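Below: coords-v8.txt (compact mmCIF, C-alpha atoms)
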```txt
# COMPACT_ATOMS: atom_id res chain seq x y z
CA MET A 1 127.95 76.83 90.43
CA SER A 2 125.93 73.92 88.99
CA VAL A 3 122.69 74.36 87.06
CA SER A 4 120.80 72.94 90.04
CA ASP A 5 122.39 75.45 92.42
CA ALA A 6 121.59 78.28 90.00
CA PHE A 7 117.92 77.29 89.91
CA VAL A 8 117.76 77.05 93.69
CA SER A 9 119.46 80.44 94.12
CA LEU A 10 117.08 82.03 91.61
CA ILE A 11 114.03 80.60 93.37
CA ILE A 12 115.26 81.72 96.80
CA GLY A 13 115.98 85.20 95.43
CA ILE A 14 112.49 85.59 93.94
CA LEU A 15 110.86 84.26 97.12
CA LEU A 16 112.77 86.74 99.28
CA LEU A 17 111.96 89.57 96.86
CA GLN A 18 108.25 88.73 97.01
CA ALA A 19 108.36 88.58 100.80
CA ALA A 20 110.16 91.94 100.99
CA MET A 21 107.70 93.60 98.59
CA ARG A 22 104.75 92.52 100.71
CA LEU A 23 106.25 93.33 104.11
CA PRO A 24 104.80 96.90 104.35
CA VAL A 25 101.27 95.59 103.75
CA VAL A 26 101.83 92.79 106.25
CA LEU A 27 102.90 95.29 108.91
CA ARG A 28 99.60 97.13 108.36
CA GLY A 29 97.87 93.97 109.52
CA ARG A 30 96.04 92.65 106.46
CA ARG A 31 95.27 88.98 107.07
CA ARG A 32 95.19 87.95 103.43
CA GLU A 33 98.56 89.50 102.67
CA ARG A 34 100.00 88.00 105.86
CA SER A 35 99.04 84.55 104.57
CA LEU A 36 100.76 85.08 101.24
CA TRP A 37 103.82 86.60 102.91
CA GLY A 38 103.99 83.61 105.27
CA ALA A 39 103.96 81.24 102.29
CA PHE A 40 106.82 83.07 100.58
CA ALA A 41 108.88 83.22 103.78
CA ALA A 42 108.32 79.53 104.61
CA PHE A 43 109.18 78.40 101.09
CA ALA A 44 112.30 80.59 101.05
CA VAL A 45 113.68 78.91 104.17
CA ALA A 46 112.66 75.47 102.89
CA TRP A 47 114.58 76.04 99.65
CA TRP A 48 117.54 77.40 101.60
CA LEU A 49 117.65 74.05 103.45
CA ARG A 50 118.22 72.37 100.07
CA THR A 51 121.53 74.22 99.72
CA ASP A 52 124.85 73.05 101.09
CA THR A 53 124.97 76.13 103.32
CA GLY A 54 121.53 75.50 104.79
CA ARG A 55 122.23 71.83 105.45
CA ALA A 56 125.61 72.65 106.99
CA VAL A 57 124.00 75.05 109.47
CA ILE A 58 121.42 72.48 110.63
CA ASP A 59 123.85 69.55 110.58
CA ARG A 60 125.75 71.25 113.41
CA LEU A 61 122.91 70.11 115.67
CA GLY A 62 124.14 66.55 115.19
CA VAL A 63 120.90 65.00 113.92
CA ASN A 64 121.23 63.25 110.57
CA ASP A 65 118.61 64.24 107.97
CA LEU A 66 117.21 66.96 110.23
CA PRO A 67 117.40 69.52 107.34
CA THR A 68 115.06 67.25 105.36
CA LEU A 69 112.50 67.12 108.18
CA LEU A 70 112.63 70.89 108.65
CA LYS A 71 112.39 71.44 104.89
CA HIS A 72 109.27 69.28 104.63
CA THR A 73 107.74 70.89 107.73
CA LEU A 74 108.21 74.38 106.30
CA ALA A 75 106.86 73.25 102.93
CA ILE A 76 103.69 71.95 104.59
CA GLY A 77 103.32 75.20 106.51
CA GLY A 78 103.82 77.22 103.32
CA ILE A 79 101.29 75.15 101.40
CA CYS A 80 98.76 75.47 104.22
CA VAL A 81 98.94 79.27 104.41
CA LEU A 82 98.98 79.51 100.60
CA LEU A 83 95.75 77.50 100.50
CA THR A 84 94.34 79.82 103.17
CA TYR A 85 95.19 82.80 100.95
CA VAL A 86 93.55 81.24 97.90
CA THR A 87 90.41 80.41 99.90
CA ASP A 88 90.13 83.94 101.30
CA VAL A 89 90.55 85.53 97.86
CA TYR A 90 87.88 83.54 96.08
CA GLN A 91 85.50 83.35 99.04
CA ASP A 92 85.07 87.12 98.69
CA GLU A 93 83.74 86.64 95.16
CA ASP A 94 80.93 84.20 95.92
CA ALA A 95 81.05 82.16 99.10
CA THR A 96 77.98 80.16 98.01
CA ALA A 97 79.48 78.86 94.75
CA ARG A 98 80.10 75.12 94.70
CA HIS A 99 83.79 75.33 93.83
CA ILE A 100 84.34 77.85 96.62
CA LYS A 101 82.58 75.59 99.12
CA VAL A 102 84.80 72.68 98.08
CA THR A 103 87.91 74.85 98.42
CA SER A 104 86.80 76.03 101.85
CA VAL A 105 86.28 72.46 103.02
CA VAL A 106 89.69 71.41 101.70
CA GLN A 107 91.31 74.44 103.37
CA ARG A 108 89.70 73.66 106.74
CA VAL A 109 90.75 70.01 106.50
CA ALA A 110 94.26 70.98 105.38
CA ALA A 111 94.64 73.46 108.23
CA ARG A 112 93.72 70.78 110.78
CA ALA A 113 95.69 68.10 108.97
CA SER A 114 98.86 70.18 108.67
CA LEU A 115 99.74 69.90 112.36
CA ALA A 116 98.81 66.23 112.43
CA THR A 117 100.89 65.60 109.31
CA VAL A 118 103.92 67.38 110.77
CA LEU A 119 103.60 65.45 114.03
CA CYS A 120 103.32 62.17 112.12
CA LEU A 121 106.36 63.04 110.00
CA ALA A 122 108.36 63.88 113.12
CA ALA A 123 107.28 60.64 114.82
CA VAL A 124 108.22 58.52 111.80
CA PHE A 125 111.47 60.45 111.38
CA PHE A 126 112.65 59.91 114.95
CA LEU A 127 111.14 56.46 115.61
CA ALA A 128 110.94 54.56 112.30
CA LEU A 129 113.85 55.75 110.15
CA ASP A 130 117.45 54.57 110.48
CA ARG A 131 119.15 57.89 111.11
CA SER A 132 122.58 56.35 111.42
CA LYS A 133 122.84 56.52 107.62
CA THR A 134 124.59 59.53 106.18
CA ALA A 135 125.33 61.13 102.82
CA ALA A 136 128.19 58.62 102.48
CA ASP A 137 125.56 55.88 102.03
CA SER A 138 123.60 57.92 99.45
CA PRO A 139 123.41 61.63 98.61
CA TYR A 140 119.60 61.43 98.49
CA PHE A 141 117.17 61.06 101.40
CA MET A 142 115.10 58.47 99.55
CA GLY A 143 118.19 56.49 98.58
CA ARG A 144 119.48 56.41 102.15
CA HIS A 145 116.27 54.93 103.54
CA VAL A 146 115.09 52.75 100.66
CA GLY A 147 113.62 49.50 101.93
CA GLU A 148 112.63 50.94 105.31
CA PRO A 149 108.88 50.74 106.04
CA GLY A 150 108.97 54.18 107.61
CA LEU A 151 110.06 55.80 104.33
CA ALA A 152 106.81 54.91 102.54
CA LEU A 153 104.75 56.34 105.39
CA TYR A 154 106.86 59.48 105.71
CA LEU A 155 106.96 60.45 102.04
CA GLY A 156 103.45 59.14 101.41
CA LEU A 157 102.03 61.60 103.94
CA PHE A 158 104.08 64.49 102.59
CA ASN A 159 103.28 63.81 98.92
CA ALA A 160 99.56 63.32 99.58
CA TYR A 161 99.33 66.63 101.45
CA THR A 162 101.29 68.46 98.75
CA ALA A 163 99.26 67.04 95.88
CA ALA A 164 95.87 67.80 97.47
CA ALA A 165 96.66 71.42 98.34
CA ALA A 166 98.45 72.15 95.07
CA GLY A 167 95.56 70.63 93.11
CA VAL A 168 93.05 72.98 94.74
CA CYS A 169 95.28 76.01 94.03
CA ALA A 170 95.75 74.91 90.41
CA TYR A 171 92.00 74.57 89.92
CA GLN A 172 91.13 77.95 91.43
CA TRP A 173 93.87 79.84 89.57
CA GLY A 174 93.05 78.09 86.32
CA ARG A 175 89.38 79.01 86.66
CA ALA A 176 90.27 82.61 87.53
CA ALA A 177 92.59 82.79 84.50
CA ARG A 178 89.72 81.88 82.16
CA LEU A 179 87.61 84.69 83.61
CA ALA A 180 90.36 87.35 83.83
CA ARG A 181 89.92 90.29 81.46
CA ARG A 182 93.30 91.95 81.79
CA ARG A 183 95.98 90.17 79.80
CA SER A 184 98.73 90.51 82.41
CA LEU A 185 96.47 89.06 85.10
CA ARG A 186 95.35 86.22 82.84
CA THR A 187 98.97 85.39 81.98
CA GLY A 188 100.04 85.46 85.63
CA LEU A 189 97.16 83.27 86.81
CA THR A 190 97.78 80.77 84.01
CA MET A 191 101.45 80.47 84.97
CA MET A 192 100.51 80.01 88.63
CA ALA A 193 97.95 77.32 87.74
CA VAL A 194 100.45 75.45 85.55
CA GLY A 195 103.04 75.72 88.30
CA MET A 196 100.67 74.12 90.82
CA ALA A 197 99.74 71.42 88.29
CA LEU A 198 103.44 70.60 87.95
CA MET A 199 103.62 70.46 91.75
CA VAL A 200 100.91 67.78 91.67
CA LEU A 201 102.89 65.95 88.97
CA TYR A 202 105.99 66.15 91.15
CA ALA A 203 104.16 64.54 94.07
CA VAL A 204 102.72 61.83 91.81
CA LEU A 205 106.10 61.01 90.26
CA ARG A 206 107.76 60.80 93.68
CA SER A 207 104.96 58.61 95.00
CA ALA A 208 105.12 56.29 91.97
CA TYR A 209 108.88 55.91 92.34
CA LEU A 210 108.51 55.33 96.06
CA ALA A 211 106.02 52.53 95.41
CA ALA A 212 108.33 50.99 92.84
CA ILE A 213 111.44 50.93 95.03
CA THR A 214 109.42 49.63 97.98
CA LEU A 215 108.66 46.51 95.91
CA HIS A 216 111.93 46.30 93.97
CA PRO A 217 114.96 48.31 95.16
CA ALA A 218 116.41 50.42 92.34
CA THR A 219 120.02 50.91 91.35
CA ALA A 220 121.96 53.99 92.35
CA SER A 221 121.90 55.28 88.76
CA ALA A 222 118.11 54.92 88.59
CA GLY A 223 117.80 56.78 91.87
CA ALA A 224 119.99 59.63 90.58
CA ALA A 225 117.99 59.81 87.33
CA GLN A 226 114.74 60.01 89.29
CA GLU A 227 116.08 62.77 91.50
CA ASN A 228 117.21 64.78 88.48
CA VAL A 229 113.88 64.43 86.68
CA THR A 230 111.72 65.27 89.70
CA ASP A 231 114.00 68.15 90.65
CA LEU A 232 113.52 69.66 87.18
CA VAL A 233 109.74 69.32 87.58
CA LEU A 234 109.98 70.98 91.00
CA TYR A 235 112.13 73.83 89.67
CA ALA A 236 109.74 74.44 86.80
CA ALA A 237 106.74 74.33 89.15
CA PHE A 238 108.13 76.93 91.54
CA LEU A 239 109.52 79.20 88.85
CA LEU A 240 106.21 79.25 86.98
CA TRP A 241 104.28 79.92 90.19
CA LEU A 242 106.67 82.66 91.28
CA LEU A 243 106.88 84.36 87.91
CA GLY A 244 103.11 84.14 87.61
CA SER A 245 102.65 85.77 91.00
CA VAL A 246 105.11 88.50 90.01
CA THR A 247 103.22 89.35 86.80
CA PRO A 248 100.12 90.91 88.44
CA ALA A 249 102.35 92.48 91.09
CA THR A 250 104.49 94.03 88.37
CA HIS A 251 101.38 95.52 86.77
CA ALA A 252 100.29 96.89 90.15
CA LEU A 253 103.74 98.38 90.73
CA ALA A 254 103.65 100.01 87.31
CA VAL A 255 100.24 101.55 88.12
CA ARG A 256 101.58 102.83 91.45
CA ALA A 257 104.69 104.22 89.77
CA ARG A 258 102.61 106.11 87.17
CA ALA A 259 100.38 107.50 89.91
CA LEU A 260 103.41 108.57 91.95
CA ARG A 261 104.94 110.37 88.95
CA ALA A 262 101.63 112.14 88.38
CA VAL A 263 101.47 113.19 92.05
CA ILE A 264 104.98 114.61 91.81
CA GLY A 265 104.08 116.43 88.59
CA LEU A 266 100.98 118.02 90.16
CA HIS A 267 102.52 118.80 93.52
CA SER A 268 103.66 122.39 92.99
CA LEU A 269 100.33 123.38 91.43
CA TRP A 270 98.34 121.59 94.12
CA ARG A 271 100.44 123.12 96.91
CA ASP A 272 100.02 126.70 95.70
CA LEU A 273 96.28 126.28 95.24
CA VAL A 274 95.38 124.59 98.53
CA LEU A 275 97.57 126.98 100.53
CA ALA A 276 95.70 129.90 98.96
CA VAL A 277 92.16 128.67 99.77
CA ASP A 278 91.44 127.47 103.30
CA GLY A 279 89.27 124.43 103.99
CA ILE A 280 89.85 122.64 100.68
CA ALA A 281 92.74 120.27 101.42
CA LEU A 282 91.96 117.12 103.40
CA HIS A 283 95.59 117.13 104.51
CA GLN A 284 97.44 120.43 104.53
CA PRO A 285 100.79 120.58 102.70
CA SER A 286 103.87 120.02 104.83
CA ARG A 287 105.31 123.27 106.17
CA LEU A 288 108.48 122.06 107.86
CA ARG A 289 110.58 125.09 108.92
CA GLY A 290 107.66 127.32 108.03
CA GLY A 291 107.74 126.29 104.37
CA HIS A 292 111.20 127.85 103.89
CA ARG A 293 112.84 127.15 100.54
CA ALA A 294 115.68 125.31 102.30
CA ALA A 295 113.19 122.64 103.35
CA ALA A 296 111.34 122.53 100.01
CA VAL A 297 112.62 119.10 99.02
CA ILE A 298 111.76 117.60 102.41
CA ASN A 299 108.29 119.14 102.35
CA THR A 300 107.68 117.83 98.84
CA VAL A 301 108.74 114.30 99.81
CA ARG A 302 106.49 114.37 102.88
CA ASP A 303 103.54 115.50 100.77
CA VAL A 304 103.92 112.88 98.04
CA VAL A 305 104.44 109.86 100.31
CA SER A 306 102.26 110.53 103.37
CA HIS A 307 98.63 110.42 104.53
CA ASP A 308 97.04 108.23 101.85
CA ALA A 309 97.13 104.44 101.58
CA THR A 310 98.34 104.40 97.97
CA PRO A 311 99.64 106.87 95.37
CA GLN A 312 96.43 106.27 93.38
CA ILE A 313 94.31 107.56 96.27
CA ARG A 314 96.67 110.51 96.74
CA LEU A 315 96.44 111.34 93.04
CA GLY A 316 92.64 111.29 93.18
CA ARG A 317 92.74 113.63 96.16
CA TYR A 318 95.09 116.05 94.39
CA VAL A 319 92.88 116.20 91.31
CA THR A 320 89.73 116.73 93.38
CA GLU A 321 91.29 119.47 95.49
CA ILE A 322 92.76 121.26 92.47
CA ARG A 323 89.31 121.33 90.88
CA ASP A 324 87.68 122.48 94.14
CA VAL A 325 90.10 125.40 94.42
CA THR A 326 89.56 126.21 90.74
CA HIS A 327 85.82 126.48 91.37
CA GLU A 328 86.39 128.81 94.32
CA LEU A 329 88.66 131.02 92.21
CA ARG A 330 86.07 131.16 89.43
CA ARG A 331 83.71 132.85 91.88
CA ARG A 332 86.24 135.63 92.50
CA ALA A 333 88.24 136.08 89.28
CA PRO A 334 87.27 138.72 86.67
CA SER A 335 84.87 137.37 84.06
CA ASP A 336 87.23 138.11 81.17
CA LEU A 337 90.40 136.76 82.83
CA PHE A 338 90.43 133.53 80.88
CA GLN A 339 90.07 135.33 77.54
CA ARG A 340 93.07 137.45 78.47
CA ALA A 341 95.03 134.34 79.45
CA ARG A 342 94.17 132.74 76.13
CA ARG A 343 95.32 135.81 74.22
CA LEU A 344 98.61 135.78 76.10
CA ALA A 345 99.16 132.10 75.30
CA GLU A 346 98.47 132.70 71.60
CA ALA A 347 100.72 135.76 71.58
CA GLU A 348 103.53 133.48 72.75
CA GLY A 349 103.03 131.33 69.67
CA ARG A 350 101.16 128.49 71.38
CA THR A 351 98.39 126.72 69.50
CA ALA A 352 95.64 124.14 70.04
CA GLN A 353 95.89 122.14 73.31
CA GLU A 354 99.22 123.73 74.20
CA ALA A 355 97.54 127.15 74.17
CA ASP A 356 94.58 125.85 76.20
CA ALA A 357 96.86 124.34 78.86
CA ALA A 358 98.98 127.49 79.07
CA ALA A 359 95.85 129.67 79.27
CA GLU A 360 94.50 127.61 82.16
CA ALA A 361 97.86 127.82 83.93
CA TYR A 362 98.06 131.58 83.44
CA TRP A 363 94.47 131.96 84.62
CA LEU A 364 95.24 130.01 87.81
CA LYS A 365 98.38 132.03 88.54
CA ALA A 366 96.52 135.34 88.08
CA ALA A 367 93.34 134.19 89.81
CA LEU A 368 95.26 133.39 93.00
CA ALA A 369 95.68 137.15 93.47
CA THR A 370 91.87 137.51 93.64
CA VAL A 371 91.36 134.92 96.38
CA ASP A 372 90.28 137.59 98.90
CA ALA A 373 87.78 139.24 96.52
CA PRO A 374 84.04 138.90 97.28
CA ALA A 375 82.49 135.72 95.88
CA GLY A 376 80.06 136.04 93.02
CA VAL A 377 78.78 134.19 90.00
CA PRO A 378 81.44 131.73 88.66
CA ALA A 379 83.35 133.23 85.76
CA ALA A 380 83.49 131.54 82.38
CA PHE A 381 86.27 128.99 82.35
CA HIS A 382 87.48 126.48 79.77
CA THR A 383 89.21 123.22 80.66
CA ALA A 384 89.66 119.74 79.21
CA GLY A 385 89.21 116.25 80.63
CA ASP A 386 85.72 114.99 81.37
CA ASP A 387 86.80 111.92 83.35
CA PHE A 388 89.65 110.97 85.67
CA ALA A 389 91.62 109.09 82.99
CA SER A 390 91.76 112.15 80.70
CA GLU A 391 91.86 114.77 83.45
CA VAL A 392 95.15 113.58 84.96
CA PRO A 393 97.26 114.01 81.78
CA TRP A 394 95.54 117.33 81.12
CA LEU A 395 96.30 118.68 84.57
CA LEU A 396 99.89 117.52 84.20
CA ARG A 397 100.17 119.72 81.08
CA VAL A 398 98.62 122.60 82.99
CA ALA A 399 100.98 122.04 85.94
CA ARG A 400 103.99 122.05 83.61
CA ALA A 401 102.87 125.34 82.03
CA TYR A 402 102.19 126.71 85.54
CA ARG A 403 105.77 125.95 86.63
CA GLU A 404 107.18 127.56 83.48
CA ALA A 405 104.99 130.67 83.70
CA SER A 406 106.52 134.01 84.61
CA PRO A 407 105.96 135.15 88.19
CA HIS A 408 104.66 138.40 86.65
CA THR A 409 101.88 136.63 84.74
CA GLY A 410 99.20 138.35 86.80
CA ALA A 411 100.59 141.80 85.98
CA ILE A 412 100.85 140.90 82.29
CA LEU A 413 97.22 139.83 82.21
CA ASP A 414 96.16 143.04 83.98
CA ALA A 415 97.90 144.98 81.22
CA LEU A 416 95.75 143.14 78.68
CA ALA A 417 92.54 144.23 80.39
CA PRO A 418 90.46 146.79 78.44
CA VAL A 419 90.80 150.33 79.80
CA PRO A 420 87.40 151.56 81.07
CA HIS A 421 86.11 154.70 79.31
CA ALA A 422 85.53 157.83 81.37
CA PRO A 423 81.87 158.80 81.66
CA ALA A 424 80.75 161.41 79.08
CA GLU A 425 80.33 164.96 80.32
CA ALA A 426 76.80 166.30 80.50
```
Just dump the structure as structure tokens.
Amino acid sequence: MSVSDAFVSLIIGILLLQAAMRLPVVLRGRRRERSLWGAFAAFAVAWWLRTDTGRAVIDRLGVNDLPTLLKHTLAIGGICVLLTYVTDVYQDEDATARHIKVTSVVQRVAARASLATVLCLAAVFFLALDRSKTAADSPYFMGRHVGEPGLALYLGLFNAYTAAAAGVCAYQWGRAARLARRRSLRTGLTMMAVGMALMVLYAVLRSAYLAAITLHPATASAGAAQENVTDLVLYAAFLLWLLGSVTPATHALAVRARALRAVIGLHSLWRDLVLAVDGIALHQPSRLRGGHRAAAVINTVRDVVSHDATPQIRLGRYVTEIRDVTHELRRRAPSDLFQRARRLAEAEGRTAQEADAAAEAYWLKAALATVDAPAGVPAAFHTAGDDFASEVPWLLRVARAYREASPHTGAILDALAPVPHAPAEA
């Protein structure tokens, strides 16, 4: 495999990966994500048409250079929907800002011009280009049709459209990169902006060479050198744009993965608590086969992947519902139960935060036995975590201690209760 083929394969692979990652959101019907998915899909097919396999499939139709026309058509479609995505994203920030208004105008013009451009390209392709020439005359589209008036019109339209749309994307992403606070987002936006700037450079270089060979036909070696240079610019442009678009997505995936791990870590604690107190859970835990142990894995999977739009939302719900159940149990548990739980944790050799987490876990396990007791004044209760960021890791420590606690914890804590004195005889 040549270096060129390796670059093309890498670009196609990343495009398909991006399209696959965004497919679930697209199926939920979000317009903005549909636009970005459409750009990735169109560009993937366009790059596939640059490969020998892609060209061989289309060449079976018997129309010389048809892969080139389809490749350029898909590229225009991809650029148009990409510009639509960029416009939608930044229009939400401030639709009245001058740079947003300019982008919106360019997007509307580009959307209308895309169909006209494709129709013009098709007309020039079928009516003004000598399609009797084949790869035997020159391996490059531009080399095969050099000197034909239709070539300047065909590539001039394509390059002008590409440069205008890529320039707008480069400006918007560059401006957003300067304002981004998170490093990963700033890095990704900068790479995307540079990639689009290189796309503009690619269109300019191709247009300059086209103008030169229209006036003075170039040698075959000059044509090959030009193709190699502009191809390298194109490869760099797409790789930078793709890797830049992956960077924020990678951060988002990491956030989702951390949230999912936290949901899994809290699941057993959350399940026991919300099953004990009615009316707390927004979505009741799965009870496939009546909650039998044989279906425990299936029930767990259903709980941690269903109902909520994202793992982050599900994690927030778990934390809220655990705390709501805890409050209900405080109204029913003995007032000295937490002190007993703390003594048990210390008797086991636990200290500091480890003892606090174990005490809270023991308290929860014992308090569940009091769920049917009459409600009263909330009992004293000690916990850590005064905001969501600190509460999640704390509850994970509690959940771990809860899973490790003896099933007889409640009985052990009862044994630690002070024995009431008999009333004195008169």
Please list as a PDB file with C-alpha atoms, keeping the file's coordinate frame every residue within 12 Å of A:Tyr209, counting only C-alpha atoms and excluding residues in the same chain fewer than 4 positions away.
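This went into selection_31.pdb:
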```
ATOM      1  CA  MET A 142     115.100  58.470  99.550  1.00  0.00           C
ATOM      2  CA  GLY A 143     118.190  56.490  98.580  1.00  0.00           C
ATOM      3  CA  VAL A 146     115.090  52.750 100.660  1.00  0.00           C
ATOM      4  CA  ALA A 152     106.810  54.910 102.540  1.00  0.00           C
ATOM      5  CA  LEU A 155     106.960  60.450 102.040  1.00  0.00           C
ATOM      6  CA  GLY A 156     103.450  59.140 101.410  1.00  0.00           C
ATOM      7  CA  ASN A 159     103.280  63.810  98.920  1.00  0.00           C
ATOM      8  CA  TYR A 202     105.990  66.150  91.150  1.00  0.00           C
ATOM      9  CA  ALA A 203     104.160  64.540  94.070  1.00  0.00           C
ATOM     10  CA  VAL A 204     102.720  61.830  91.810  1.00  0.00           C
ATOM     11  CA  LEU A 205     106.100  61.010  90.260  1.00  0.00           C
ATOM     12  CA  ILE A 213     111.440  50.930  95.030  1.00  0.00           C
ATOM     13  CA  THR A 214     109.420  49.630  97.980  1.00  0.00           C
ATOM     14  CA  LEU A 215     108.660  46.510  95.910  1.00  0.00           C
ATOM     15  CA  HIS A 216     111.930  46.300  93.970  1.00  0.00           C
ATOM     16  CA  PRO A 217     114.960  48.310  95.160  1.00  0.00           C
ATOM     17  CA  ALA A 218     116.410  50.420  92.340  1.00  0.00           C
ATOM     18  CA  ALA A 222     118.110  54.920  88.590  1.00  0.00           C
ATOM     19  CA  GLY A 223     117.800  56.780  91.870  1.00  0.00           C
ATOM     20  CA  ALA A 224     119.990  59.630  90.580  1.00  0.00           C
ATOM     21  CA  ALA A 225     117.990  59.810  87.330  1.00  0.00           C
ATOM     22  CA  GLN A 226     114.740  60.010  89.290  1.00  0.00           C
ATOM     23  CA  GLU A 227     116.080  62.770  91.500  1.00  0.00           C
ATOM     24  CA  VAL A 229     113.880  64.430  86.680  1.00  0.00           C
ATOM     25  CA  THR A 230     111.720  65.270  89.700  1.00  0.00           C
TER      26      THR A 230
END
```
Next item on the list: List every protein, DNA or RNA residue that has an atom no more than 10 Å from (94.7, 117.8, 93.0) in the file's coordinate frame, counting all atoms listed in the file, and report them as a PyMOL selection string.
Entry: chain A and resi 263+266-267+269-271+273-274+281+314-325+392+395
Store the residues picked out above in a file with C-alpha atoms, as a short mmCIF file (atom, residue, chain, number, x, y, z; two decimals), in the coordinates of the input.
```
data_model
loop_
_atom_site.label_atom_id
_atom_site.label_comp_id
_atom_site.auth_asym_id
_atom_site.auth_seq_id
_atom_site.Cartn_x
_atom_site.Cartn_y
_atom_site.Cartn_z
CA VAL A 263 101.47 113.19 92.05
CA LEU A 266 100.98 118.02 90.16
CA HIS A 267 102.52 118.80 93.52
CA LEU A 269 100.33 123.38 91.43
CA TRP A 270 98.34 121.59 94.12
CA ARG A 271 100.44 123.12 96.91
CA LEU A 273 96.28 126.28 95.24
CA VAL A 274 95.38 124.59 98.53
CA ALA A 281 92.74 120.27 101.42
CA ARG A 314 96.67 110.51 96.74
CA LEU A 315 96.44 111.34 93.04
CA GLY A 316 92.64 111.29 93.18
CA ARG A 317 92.74 113.63 96.16
CA TYR A 318 95.09 116.05 94.39
CA VAL A 319 92.88 116.20 91.31
CA THR A 320 89.73 116.73 93.38
CA GLU A 321 91.29 119.47 95.49
CA ILE A 322 92.76 121.26 92.47
CA ARG A 323 89.31 121.33 90.88
CA ASP A 324 87.68 122.48 94.14
CA VAL A 325 90.10 125.40 94.42
CA VAL A 392 95.15 113.58 84.96
CA LEU A 395 96.30 118.68 84.57
#
```
Check: Can you tell me, as a list in words, what residues are no more than 12 Å from A:Thr73 when counting all atoms listed in the file, ignoring any on the same chain fewer than 5 positions away?
Finding: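 With the cut-off at 12 Å, the set is Ala42, Phe43, Val45, Ala46, Trp47, Leu49, Leu66, Pro67, Thr68, Gly78, Ile79, Cys80, Ser114, Leu115, Ala116, Thr117, Val118, Leu119, Cys120, Leu121, Ala122, Phe125, Tyr154, Leu155, Leu157, Phe158, Tyr161 and Thr162 of chain A.
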Determine, counting only C-alpha atoms, which protein, DNA and RNA residues have an atom within 8 Å of an atom of stretch 236-240 of chain A; residues of the same chain fewer than 2 positions away are not included. Present the result as an mmCIF file with C-alpha atoms, keeping the file's coordinate frame.
```cif
data_model
loop_
_atom_site.group_PDB
_atom_site.id
_atom_site.type_symbol
_atom_site.label_atom_id
_atom_site.label_comp_id
_atom_site.auth_asym_id
_atom_site.auth_seq_id
_atom_site.Cartn_x
_atom_site.Cartn_y
_atom_site.Cartn_z
ATOM 1 C CA ILE A 11 114.030 80.600 93.370
ATOM 2 C CA MET A 191 101.450 80.470 84.970
ATOM 3 C CA MET A 192 100.510 80.010 88.630
ATOM 4 C CA VAL A 194 100.450 75.450 85.550
ATOM 5 C CA GLY A 195 103.040 75.720 88.300
ATOM 6 C CA MET A 196 100.670 74.120 90.820
ATOM 7 C CA ALA A 197 99.740 71.420 88.290
ATOM 8 C CA LEU A 198 103.440 70.600 87.950
ATOM 9 C CA MET A 199 103.620 70.460 91.750
ATOM 10 C CA LEU A 232 113.520 69.660 87.180
ATOM 11 C CA VAL A 233 109.740 69.320 87.580
ATOM 12 C CA LEU A 234 109.980 70.980 91.000
ATOM 13 C CA LEU A 242 106.670 82.660 91.280
ATOM 14 C CA LEU A 243 106.880 84.360 87.910
ATOM 15 C CA GLY A 244 103.110 84.140 87.610
#
```
Check: So how far away is atom CA of A:His145 from atom CA of A:Asp59, in Å?
Finding: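 Computing it gives 17.9 Å between the two atoms.
Shortest separation to A:Pro334 among A:Gln18, A:Ser9, A:Gln172, A:Thr370 occurs at residue A:Thr370, atoms counted being all atoms listed in the file.
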Note to self: What does the structure give for the distance between atom CA of A:Ser245 and atom CA of A:Arg258, in Å to one decimal?
What the structure shows: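 Calculated distance between atom CA of A:Ser245 and atom CA of A:Arg258 is 20.7 Å.
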Next item on the list: Can you work out which one of A:Thr219, A:Thr250, A:Ser390, A:Gln312 has the shortest atom-to-atom distance to A:Leu185, counting only C-alpha atoms?
Entry: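 Distance minimum relative to A:Leu185 lands on A:Thr250.
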Check: What is the atom CA of A:His283-atom CA of A:His251 distance in Å, reported with one decimal?
Finding: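 Interatomic distance here is 28.6 Å.
Of the listed residues (A:Ala361, A:Ala257, A:Ala20, A:Leu69), A:Leu69 comes nearest to A:Phe126; the distances count all atoms listed in the file.
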Complete stretch 10-14 of chain A with N, CA, C and O atoms (output as a compact mmCIF listing (two decimals), in the coordinates of the input).
```
# COMPACT_ATOMS: atom_id res chain seq x y z
N LEU A 10 118.07 81.17 92.26
CA LEU A 10 117.08 82.03 91.61
C LEU A 10 115.74 81.96 92.34
O LEU A 10 115.10 83.00 92.59
N ILE A 11 115.31 80.77 92.68
CA ILE A 11 114.03 80.60 93.37
C ILE A 11 114.06 81.28 94.74
O ILE A 11 113.11 81.98 95.12
N ILE A 12 115.15 81.08 95.48
CA ILE A 12 115.26 81.72 96.80
C ILE A 12 115.24 83.24 96.65
O ILE A 12 114.57 83.95 97.43
N GLY A 13 115.95 83.75 95.64
CA GLY A 13 115.98 85.20 95.43
C GLY A 13 114.60 85.77 95.14
O GLY A 13 114.21 86.81 95.69
N ILE A 14 113.84 85.09 94.27
CA ILE A 14 112.49 85.59 93.94
C ILE A 14 111.57 85.50 95.14
O ILE A 14 110.77 86.39 95.40
```
